[in-house]
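Everything below belongs to my_file_22.pdb, which stores PDB, C-alpha atoms and all ligand atoms.
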```pdb
ATOM      1  CA  ALA W   1     -23.704 -27.890   0.490
ATOM      2  CA  THR W   2     -25.154 -28.850  -2.863
ATOM      3  CA  PRO W   3     -23.413 -27.600  -6.015
ATOM      4  CA  MET W   4     -26.512 -25.496  -6.698
ATOM      5  CA  SER W   5     -26.476 -23.701  -3.340
ATOM      6  CA  VAL W   6     -22.734 -23.085  -3.677
ATOM      7  CA  MET W   7     -23.336 -21.543  -7.089
ATOM      8  CA  VAL W   8     -25.988 -19.271  -5.616
ATOM      9  CA  GLY W   9     -23.635 -18.278  -2.802
ATOM     10  CA  VAL W  10     -20.777 -17.533  -5.204
ATOM     11  CA  GLY W  11     -23.170 -15.377  -7.243
ATOM     12  CA  LYS W  12     -24.414 -13.463  -4.183
ATOM     13  CA  ALA W  13     -20.833 -12.843  -3.095
ATOM     14  CA  ALA W  14     -19.898 -11.579  -6.563
ATOM     15  CA  GLU W  15     -22.705  -9.022  -6.310
ATOM     16  CA  ALA W  16     -21.072  -7.793  -3.092
ATOM     17  CA  GLY W  17     -17.721  -7.509  -4.900
ATOM     18  CA  VAL W  18     -16.382 -10.670  -3.274
ATOM     19  CA  LEU W  19     -14.895 -12.975  -5.889
ATOM     20  CA  ILE W  20     -14.833 -16.585  -4.726
ATOM     21  CA  ARG W  21     -12.445 -18.775  -6.689
ATOM     22  CA  ASN W  22     -13.602 -22.145  -5.378
ATOM     23  CA  GLY W  23     -16.653 -23.612  -3.703
ATOM     24  CA  GLU W  24     -14.590 -25.102  -0.923
ATOM     25  CA  ALA W  25     -13.465 -21.631   0.208
ATOM     26  CA  LEU W  26     -17.115 -20.556   0.387
ATOM     27  CA  GLN W  27     -17.880 -23.499   2.647
ATOM     28  CA  THR W  28     -14.844 -22.955   4.885
ATOM     29  CA  ALA W  29     -15.394 -19.192   5.301
ATOM     30  CA  SER W  30     -18.236 -19.665   7.797
ATOM     31  CA  LYS W  31     -15.932 -21.724  10.025
ATOM     32  CA  ILE W  32     -13.209 -19.065  10.313
ATOM     33  CA  THR W  33     -12.363 -18.411  13.971
ATOM     34  CA  ALA W  34      -9.332 -16.160  13.514
ATOM     35  CA  MET W  35      -8.706 -13.518  10.854
ATOM     36  CA  VAL W  36      -5.154 -12.357  10.234
ATOM     37  CA  LEU W  37      -4.907  -8.934   8.603
ATOM     38  CA  ASP W  38      -1.824  -7.476   6.990
ATOM     39  CA  LYS W  39      -1.501  -3.769   7.832
ATOM     40  CA  THR W  40      -0.152  -1.874   4.839
ATOM     41  CA  GLY W  41      -2.533  -1.913   1.885
ATOM     42  CA  THR W  42      -5.014  -4.116   3.744
ATOM     43  CA  ILE W  43      -6.119  -2.105   6.799
ATOM     44  CA  THR W  44      -4.533   1.042   5.379
ATOM     45  CA  LEU W  45      -4.861   2.399   1.852
ATOM     46  CA  GLY W  46      -1.337   1.381   0.898
ATOM     47  CA  GLU W  47      -0.726   4.879  -0.421
ATOM     48  CA  PRO W  48       1.817   6.336   1.971
ATOM     49  CA  LYS W  49       2.862   9.972   1.649
ATOM     50  CA  VAL W  50       6.010  11.655   2.958
ATOM     51  CA  THR W  51       5.189  13.701   6.072
ATOM     52  CA  ASP W  52       8.544  14.477   7.702
ATOM     53  CA  ILE W  53      12.198  14.771   6.722
ATOM     54  CA  VAL W  54      14.370  15.107   9.814
ATOM     55  CA  LEU W  55      17.954  15.943   8.858
ATOM     56  CA  THR W  56      20.723  14.342  10.904
ATOM     57  CA  SER W  57      23.727  15.506   8.869
ATOM     58  CA  ASP W  58      24.553  18.647   6.912
ATOM     59  CA  GLU W  59      22.923  17.470   3.654
ATOM     60  CA  SER W  60      19.951  19.558   2.495
ATOM     61  CA  LYS W  61      16.406  18.167   2.426
ATOM     62  CA  ASP W  62      16.382  18.333  -1.364
ATOM     63  CA  THR W  63      19.641  16.400  -1.663
ATOM     64  CA  VAL W  64      18.387  13.761   0.742
ATOM     65  CA  LEU W  65      15.093  13.424  -1.095
ATOM     66  CA  GLN W  66      16.790  13.337  -4.494
ATOM     67  CA  LEU W  67      19.178  10.576  -3.447
ATOM     68  CA  ALA W  68      16.470   8.620  -1.632
ATOM     69  CA  ALA W  69      14.092   8.843  -4.587
ATOM     70  CA  SER W  70      16.799   7.795  -7.042
ATOM     71  CA  LEU W  71      17.524   4.819  -4.802
ATOM     72  CA  GLU W  72      13.826   3.922  -4.518
ATOM     73  CA  SER W  73      13.233   4.134  -8.274
ATOM     74  CA  GLY W  74      14.303   0.478  -8.419
ATOM     75  CA  SER W  75      11.836  -0.692  -5.748
ATOM     76  CA  GLU W  76       8.155  -1.571  -6.135
ATOM     77  CA  HIS W  77       7.388  -1.240  -2.429
ATOM     78  CA  PRO W  78       4.565   1.225  -1.562
ATOM     79  CA  LEU W  79       7.087   3.074   0.631
ATOM     80  CA  ALA W  80       9.289   3.555  -2.440
ATOM     81  CA  LEU W  81       6.423   5.137  -4.349
ATOM     82  CA  ALA W  82       5.844   7.627  -1.518
ATOM     83  CA  ILE W  83       9.450   8.766  -1.809
ATOM     84  CA  THR W  84       9.590   8.997  -5.613
ATOM     85  CA  GLU W  85       6.249  10.875  -5.709
ATOM     86  CA  SER W  86       7.492  13.385  -3.164
ATOM     87  CA  ALA W  87      10.657  14.046  -5.221
ATOM     88  CA  LYS W  88       8.531  14.441  -8.340
ATOM     89  CA  GLU W  89       6.343  17.065  -6.651
ATOM     90  CA  LYS W  90       9.491  19.015  -5.793
ATOM     91  CA  GLN W  91      10.694  18.536  -9.399
ATOM     92  CA  LEU W  92      13.917  16.863  -8.344
ATOM     93  CA  ASP W  93      15.668  14.917 -11.122
ATOM     94  CA  LEU W  94      16.497  11.299 -10.472
ATOM     95  CA  LEU W  95      20.166  10.293 -10.586
ATOM     96  CA  THR W  96      21.556   7.211 -12.308
ATOM     97  CA  VAL W  97      21.695   4.184 -10.035
ATOM     98  CA  ASP W  98      24.874   2.113 -10.444
ATOM     99  CA  THR W  99      24.063  -0.882  -8.223
ATOM    100  CA  PHE W 100      20.795  -1.674  -6.454
ATOM    101  CA  ASN W 101      19.706  -4.311  -3.991
ATOM    102  CA  THR W 102      16.506  -5.022  -2.032
ATOM    103  CA  ILE W 103      16.851  -6.513   1.428
ATOM    104  CA  ALA W 104      13.423  -8.028   2.132
ATOM    105  CA  GLY W 105      11.795  -6.797   5.332
ATOM    106  CA  HIS W 106      14.610  -4.312   5.877
ATOM    107  CA  GLY W 107      14.928  -1.831   3.015
ATOM    108  CA  VAL W 108      17.077  -1.050   0.019
ATOM    109  CA  GLU W 109      20.696  -0.230  -0.772
ATOM    110  CA  ALA W 110      22.405   1.298  -3.801
ATOM    111  CA  THR W 111      25.453   3.078  -5.131
ATOM    112  CA  ILE W 112      24.698   6.386  -6.818
ATOM    113  CA  THR W 113      27.413   8.764  -8.124
ATOM    114  CA  GLY W 114      29.946   6.866  -6.029
ATOM    115  CA  LYS W 115      27.899   7.265  -2.820
ATOM    116  CA  GLN W 116      26.876   4.214  -0.780
ATOM    117  CA  LEU W 117      23.208   4.633   0.141
ATOM    118  CA  LEU W 118      21.107   2.709   2.638
ATOM    119  CA  PHE W 119      17.420   3.264   3.296
ATOM    120  CA  GLY W 120      15.210   1.274   5.587
ATOM    121  CA  ASN W 121      14.359   0.339   9.145
ATOM    122  CA  GLU W 122      16.317   0.103  12.364
ATOM    123  CA  LYS W 123      17.220  -3.540  11.676
ATOM    124  CA  LEU W 124      18.867  -2.527   8.397
ATOM    125  CA  MET W 125      20.899   0.217  10.080
ATOM    126  CA  ILE W 126      22.016  -2.133  12.860
ATOM    127  CA  SER W 127      23.049  -4.842  10.407
ATOM    128  CA  LYS W 128      25.077  -2.282   8.433
ATOM    129  CA  HIS W 129      26.642  -0.779  11.598
ATOM    130  CA  ILE W 130      25.187   2.710  11.112
ATOM    131  CA  GLU W 131      25.171   4.819  14.290
ATOM    132  CA  ILE W 132      21.530   5.734  14.986
ATOM    133  CA  ALA W 133      21.331   5.733  18.809
ATOM    134  CA  ALA W 134      21.002   9.525  19.054
ATOM    135  CA  PHE W 135      17.966   9.528  16.741
ATOM    136  CA  VAL W 136      15.974   6.453  17.737
ATOM    137  CA  ASP W 137      13.733   8.450  20.110
ATOM    138  CA  GLN W 138      12.853  10.846  17.314
ATOM    139  CA  ALA W 139      11.991   7.960  14.991
ATOM    140  CA  GLN W 140       9.896   6.325  17.684
ATOM    141  CA  SER W 141       7.897   9.469  18.362
ATOM    142  CA  LEU W 142       7.058   9.653  14.630
ATOM    143  CA  ALA W 143       6.016   5.993  14.839
ATOM    144  CA  ALA W 144       3.771   6.746  17.815
ATOM    145  CA  GLU W 145       1.850   9.061  15.453
ATOM    146  CA  ALA W 146       1.197   5.977  13.258
ATOM    147  CA  LYS W 147       3.831   7.128  10.750
ATOM    148  CA  THR W 148       6.519   4.814   9.353
ATOM    149  CA  PRO W 149       9.984   6.261   9.978
ATOM    150  CA  MET W 150      12.814   5.171   7.692
ATOM    151  CA  TYR W 151      16.502   5.786   8.195
ATOM    152  CA  PHE W 152      18.577   7.118   5.300
ATOM    153  CA  ALA W 153      22.365   6.746   5.424
ATOM    154  CA  VAL W 154      25.013   8.070   3.023
ATOM    155  CA  ASP W 155      28.528   6.604   3.083
ATOM    156  CA  GLY W 156      28.071   4.969   6.461
ATOM    157  CA  LYS W 157      26.562   8.012   8.200
ATOM    158  CA  LEU W 158      22.914   8.665   9.054
ATOM    159  CA  SER W 159      21.720  11.553   6.912
ATOM    160  CA  ALA W 160      18.005  11.763   7.654
ATOM    161  CA  ILE W 161      14.915  10.129   9.010
ATOM    162  CA  ILE W 162      12.111  10.213   6.463
ATOM    163  CA  ALA W 163       8.618   9.418   7.715
ATOM    164  CA  VAL W 164       5.559   8.494   5.699
ATOM    165  CA  ALA W 165       1.924   8.186   6.716
ATOM    166  CA  ASP W 166      -0.508   5.738   5.184
ATOM    167  CA  PRO W 167      -4.156   6.596   5.901
ATOM    168  CA  ILE W 168      -6.441   3.922   7.322
ATOM    169  CA  LYS W 169      -9.247   2.983   4.900
ATOM    170  CA  GLU W 170     -12.362   4.802   6.052
ATOM    171  CA  ASP W 171     -14.367   1.631   6.681
ATOM    172  CA  SER W 172     -11.610  -0.540   8.213
ATOM    173  CA  ILE W 173     -12.706   0.224  11.782
ATOM    174  CA  ALA W 174     -16.338  -0.744  11.146
ATOM    175  CA  ALA W 175     -15.359  -3.835   9.144
ATOM    176  CA  ILE W 176     -13.050  -5.055  11.919
ATOM    177  CA  GLN W 177     -15.797  -4.438  14.511
ATOM    178  CA  ARG W 178     -18.155  -6.566  12.431
ATOM    179  CA  LEU W 179     -15.711  -9.478  12.474
ATOM    180  CA  GLN W 180     -15.160  -9.134  16.213
ATOM    181  CA  ALA W 181     -18.928  -8.979  16.807
ATOM    182  CA  ASN W 182     -19.143 -12.301  14.953
ATOM    183  CA  GLY W 183     -16.732 -13.764  17.501
ATOM    184  CA  VAL W 184     -13.757 -13.802  15.137
ATOM    185  CA  ARG W 185     -10.321 -13.275  16.721
ATOM    186  CA  VAL W 186      -8.709 -10.497  14.698
ATOM    187  CA  VAL W 187      -4.904 -10.399  14.513
ATOM    188  CA  MET W 188      -2.754  -7.852  12.670
ATOM    189  CA  LEU W 189       0.602  -8.792  11.098
ATOM    190  CA  THR W 190       3.076  -6.312   9.693
ATOM    191  CA  GLY W 191       6.697  -5.885   8.752
ATOM    192  CA  ASP W 192       6.440  -2.328   9.997
ATOM    193  CA  ASN W 193       7.872  -0.793  13.142
ATOM    194  CA  ARG W 194       6.391  -1.916  16.500
ATOM    195  CA  ASN W 195       5.242   1.565  17.546
ATOM    196  CA  THR W 196       3.693   2.319  14.161
ATOM    197  CA  ALA W 197       1.865  -1.011  14.323
ATOM    198  CA  LYS W 198       0.688  -0.288  17.868
ATOM    199  CA  ALA W 199      -0.678   3.119  16.878
ATOM    200  CA  VAL W 200      -2.568   1.704  13.873
ATOM    201  CA  ALA W 201      -3.875  -1.304  15.838
ATOM    202  CA  GLU W 202      -5.213   1.009  18.555
ATOM    203  CA  LYS W 203      -6.956   3.200  15.990
ATOM    204  CA  VAL W 204      -8.782   0.244  14.452
ATOM    205  CA  GLY W 205      -9.547  -1.597  17.690
ATOM    206  CA  ILE W 206      -7.165  -4.543  17.314
ATOM    207  CA  THR W 207      -5.528  -5.691  20.540
ATOM    208  CA  GLU W 208      -3.499  -8.604  19.143
ATOM    209  CA  PHE W 209      -0.775  -7.667  16.682
ATOM    210  CA  TYR W 210       2.687  -8.764  15.607
ATOM    211  CA  ALA W 211       5.093  -6.156  14.226
ATOM    212  CA  GLU W 212       8.487  -6.310  12.516
ATOM    213  CA  VAL W 213       7.492  -9.693  11.099
ATOM    214  CA  LEU W 214       9.849 -10.758   8.319
ATOM    215  CA  PRO W 215       8.155 -11.839   5.075
ATOM    216  CA  GLU W 216       9.075 -15.500   5.623
ATOM    217  CA  ASP W 217       7.638 -15.422   9.151
ATOM    218  CA  LYS W 218       4.112 -14.362   8.137
ATOM    219  CA  THR W 219       3.374 -17.968   7.111
ATOM    220  CA  GLN W 220       4.657 -19.242  10.452
ATOM    221  CA  LYS W 221       2.256 -16.955  12.316
ATOM    222  CA  VAL W 222      -0.666 -18.424  10.360
ATOM    223  CA  GLN W 223       0.553 -21.937  11.162
ATOM    224  CA  ALA W 224       0.956 -21.086  14.848
ATOM    225  CA  LEU W 225      -2.693 -20.013  15.010
ATOM    226  CA  GLN W 226      -3.737 -23.216  13.237
ATOM    227  CA  MET W 227      -1.765 -25.205  15.784
ATOM    228  CA  GLU W 228      -3.786 -23.448  18.510
ATOM    229  CA  GLY W 229      -6.861 -24.924  16.829
ATOM    230  CA  GLU W 230      -8.010 -21.831  14.957
ATOM    231  CA  ILE W 231      -9.524 -21.970  11.485
ATOM    232  CA  VAL W 232      -7.535 -19.138   9.963
ATOM    233  CA  GLY W 233      -8.473 -16.552   7.388
ATOM    234  CA  MET W 234      -5.583 -14.429   6.118
ATOM    235  CA  THR W 235      -6.039 -11.141   4.269
ATOM    236  CA  GLY W 236      -3.241  -9.406   2.409
ATOM    237  CA  ASP W 237      -2.223  -7.512  -0.684
ATOM    238  CA  GLY W 238       1.522  -7.888  -1.063
ATOM    239  CA  ILE W 239       4.001 -10.310  -2.586
ATOM    240  CA  ASN W 240       5.133 -10.823   1.022
ATOM    241  CA  ASP W 241       1.678 -12.055   1.975
ATOM    242  CA  ALA W 242       1.335 -14.697  -0.764
ATOM    243  CA  PRO W 243       2.788 -17.713   1.112
ATOM    244  CA  ALA W 244       0.661 -16.905   4.186
ATOM    245  CA  LEU W 245      -2.447 -16.554   2.001
ATOM    246  CA  ALA W 246      -1.792 -20.021   0.600
ATOM    247  CA  MET W 247      -1.180 -21.475   4.079
ATOM    248  CA  ALA W 248      -4.377 -20.076   5.608
ATOM    249  CA  ASN W 249      -7.622 -22.093   5.595
ATOM    250  CA  VAL W 250      -9.064 -19.274   3.507
ATOM    251  CA  GLY W 251      -6.856 -16.659   1.831
ATOM    252  CA  PHE W 252      -8.356 -13.268   0.992
ATOM    253  CA  ALA W 253      -6.584 -10.885  -1.396
ATOM    254  CA  ILE W 254      -7.246  -7.180  -1.764
ATOM    255  CA  GLY W 255      -8.386  -6.555  -5.365
ATOM    256  CA  THR W 256      -6.012  -3.624  -5.783
ATOM    257  CA  GLY W 257      -3.130  -5.723  -4.473
ATOM    258  CA  THR W 258      -0.360  -7.512  -6.326
ATOM    259  CA  ASP W 259      -1.132 -10.275  -8.847
ATOM    260  CA  VAL W 260       0.868 -12.729  -6.774
ATOM    261  CA  ALA W 261      -1.364 -12.159  -3.752
ATOM    262  CA  ILE W 262      -4.536 -12.522  -5.842
ATOM    263  CA  GLU W 263      -3.278 -15.762  -7.401
ATOM    264  CA  SER W 264      -2.415 -17.187  -3.977
ATOM    265  CA  ALA W 265      -5.792 -16.340  -2.450
ATOM    266  CA  ASP W 266      -9.114 -18.223  -2.539
ATOM    267  CA  ILE W 267     -11.216 -15.075  -2.398
ATOM    268  CA  THR W 268     -10.588 -11.579  -3.780
ATOM    269  CA  LEU W 269     -12.146  -8.467  -2.255
ATOM    270  CA  MET W 270     -12.709  -6.493  -5.451
ATOM    271  CA  ARG W 271     -13.709  -3.275  -3.645
ATOM    272  CA  GLY W 272     -10.686  -3.337  -1.359
ATOM    273  CA  SER W 273     -12.994  -2.884   1.632
ATOM    274  CA  LEU W 274     -12.586  -5.225   4.586
ATOM    275  CA  HIS W 275     -16.390  -5.411   4.836
ATOM    276  CA  GLY W 276     -15.985  -8.124   2.199
ATOM    277  CA  LEU W 277     -14.673 -10.420   4.945
ATOM    278  CA  ALA W 278     -17.813 -10.347   7.109
ATOM    279  CA  ASP W 279     -19.883 -10.429   3.880
ATOM    280  CA  ALA W 280     -18.112 -13.612   2.764
ATOM    281  CA  ILE W 281     -18.598 -15.236   6.171
ATOM    282  CA  ALA W 282     -22.309 -14.301   6.219
ATOM    283  CA  ILE W 283     -22.884 -15.637   2.697
ATOM    284  CA  SER W 284     -21.014 -18.797   3.598
ATOM    285  CA  LYS W 285     -23.240 -19.316   6.654
ATOM    286  CA  ALA W 286     -26.382 -18.717   4.595
ATOM    287  CA  THR W 287     -25.173 -21.164   1.926
ATOM    288  CA  LEU W 288     -24.563 -23.912   4.467
ATOM    289  CA  SER W 289     -27.811 -23.397   6.387
ATOM    290  CA  ASN W 290     -29.894 -23.390   3.196
ATOM    291  CA  ILE W 291     -29.050 -26.934   2.266
ATOM    292  CA  LYS W 292     -28.759 -29.487   5.070
TER     293      LYS W 292
HETATM  294  P1  LIG N   1       5.011  -4.639   5.215
HETATM  295  O1  LIG N   1       4.687  -4.750   3.760
HETATM  296  O2  LIG N   1       4.273  -5.653   6.059
HETATM  297  O3  LIG N   1       4.852  -3.248   5.762
HETATM  298  P2  LIG N   1       7.864  -5.174   4.589
HETATM  299  O4  LIG N   1       8.471  -6.455   5.047
HETATM  300  O5  LIG N   1       7.653  -4.996   3.141
HETATM  301  O6  LIG N   1       6.547  -4.982   5.461
HETATM  302  O7  LIG N   1       8.753  -3.958   5.102
HETATM  303  C1  LIG N   1       9.139  -3.871   6.456
HETATM  304  C2  LIG N   1       9.922  -2.603   6.711
HETATM  305  O8  LIG N   1      11.154  -2.622   5.955
HETATM  306  C3  LIG N   1       9.234  -1.326   6.276
HETATM  307  O9  LIG N   1       8.349  -0.824   7.255
HETATM  308  C4  LIG N   1      10.419  -0.397   6.037
HETATM  309  O10 LIG N   1      10.869   0.145   7.247
HETATM  310  C5  LIG N   1      11.470  -1.333   5.476
HETATM  311  N1  LIG N   1      11.410  -1.323   4.007
HETATM  312  C6  LIG N   1      10.944  -2.312   3.197
HETATM  313  N2  LIG N   1      11.062  -1.961   1.899
HETATM  314  C7  LIG N   1      11.572  -0.711   1.869
HETATM  315  C8  LIG N   1      11.923   0.215   0.841
HETATM  316  N3  LIG N   1      11.744  -0.045  -0.458
HETATM  317  N4  LIG N   1      12.417   1.410   1.227
HETATM  318  C9  LIG N   1      12.607   1.707   2.526
HETATM  319  N5  LIG N   1      12.302   0.896   3.543
HETATM  320  C10 LIG N   1      11.808  -0.292   3.231
HETATM  321 MG    MG N   2       0.638  -5.058   2.579
END
```
Please express the file's structure as structure tokens.
Amino acid sequence: ATPMSVMVGVGKAAEAGVLIRNGEALQTASKITAMVLDKTGTITLGEPKVTDIVLTSDESKDTVLQLAASLESGSEHPLALAITESAKEKQLDLLTVDTFNTIAGHGVEATITGKQLLFGNEKLMISKHIEIAAFVDQAQSLAAEAKTPMYFAVDGKLSAIIAVADPIKEDSIAAIQRLQANGVRVVMLTGDNRNTAKAVAEKVGITEFYAEVLPEDKTQKVQALQMEGEIVGMTGDGINDAPALAMANVGFAIGTGTDVAIESADITLMRGSLHGLADAIAISKATLSNIK
């Protein structure tokens, strides 16, 4: 494409809220054969809300929520915000956190008023030898409702399962259909629970998805698709997504996402809508066919 036609294409895309950082990305977009979508904050709003607190010990719901929110006050994960917001609504004071640690792809741990707290997924509980067998079915049935269940343990004993729900963006289904109608293979990647991922994928019409993917493995999934011969677009919003965005042939960041994701991407979807993906591909095709 000539520099002039690329400039026109970049301008057209900007009008559609699609910010293209370099001309090369505009030219590659039309060749994308597979689009990898992160789930949380990309397909969904990334604004989870607490929906269920299932007690598994004799602590009260308020105590559980107060401890969990105090623990999460040190985390920037969207799940953490859901918990701290819920405690705020119930006007629960946050307690002083003595030690705090994030375990990427698993959850968080802290010591608060001498109590050892753990909060996260099944993998975290297994690695810390917390007995959860009696409650896994309950967690999985919450997951089947597209909710994300998290286990909360105090001093080595499971205290509660807290579930959050993150609504799907209202136009995600249509935007994904548009990509599929263009012959693009759409793949969802998430660190979330397998059943939660399955429920969300079904709702948005994605048949190929990978769940419980550790942050470092997102990049590998992109590479695996490239090795299959796909020209890969990757769309994400989180710090976790940044390496995969850089690895993809074209990286797309959600405009409301983290700075790290935006800096690692070639294209930013300013409106947060996944329609920007098919828009970018269409503008790319028009740009290339205009010149010859
Ligand atoms: P993603 O952003 O793709 O959903 P992450 O790797 O950030 O995935 O998280 C994977 C899982 O680890 C979450 O679904 C959750 O169960 C657990 N987790 C991560 N961070 C936290 C946190 N701050 N509090 C509780 N659980 C967490
Ligand atoms: Mg995300």
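Distances to W:Lys203 were evaluated for W:Glu216, W:Asp241, W:Asp279, W:Glu170 using only C-alpha atoms, and the minimum falls at W:Glu170.
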Q: List all protein, DNA and RNA residues that have any atom at most 12 Å from ligand MG 2 (chain N), counting all atoms listed in the file, and write the list as an MDAnalysis selection string.
A: chainID W and resid 37:48 77:79 105 166 188:192 213 215 218 234:242 244:245 253:254 256:258 261
Q) Can you tell me how far atom CA of W:Met35 sits from atom CA of W:Gly251, in Å to one decimal? A) 9.7 Å
Q: Identify which of the residues W:Ala133, W:Ala29, W:Ala104, W:Ala153 lies closest to W:Ala68, counting only C-alpha atoms when measuring atom-to-atom distances.
A: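 Ranking W:Ala133, W:Ala29, W:Ala104, W:Ala153 by distance to W:Ala68, first place goes to W:Ala153.
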(Q) Evaluate the PyMOL selection byres (((chain W and resi 125) around 10) and not hetatm) against this structure - the residues, as a list in words, please. (A) His106, Gly107, Leu118, Phe119, Gly120, Asn121, Glu122, Lys123, Leu124, Ile126, Ser127, Lys128, His129, Ile130, Glu131, Ile132, Met150, Tyr151, Phe152, Ala153, Gly156, Lys157 and Leu158 of chain W
Q: Evaluate the PyMOL selection byres (((chain W and resi 141) around 12) and not hetatm) here and jot the selected residues down as an MDAnalysis selection string.
A: chainID W and resid 52 135:140 142:149 161 163 193:196 199
(Q) Which residue is closest to ligand LIG 1 (chain N)? Choose from W:Asp155, W:Asp62, W:Glu24, W:Glu212 and count all atoms listed in the file. (A)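 Among the listed residues, W:Glu212 lies closest to ligand LIG 1 (chain N).
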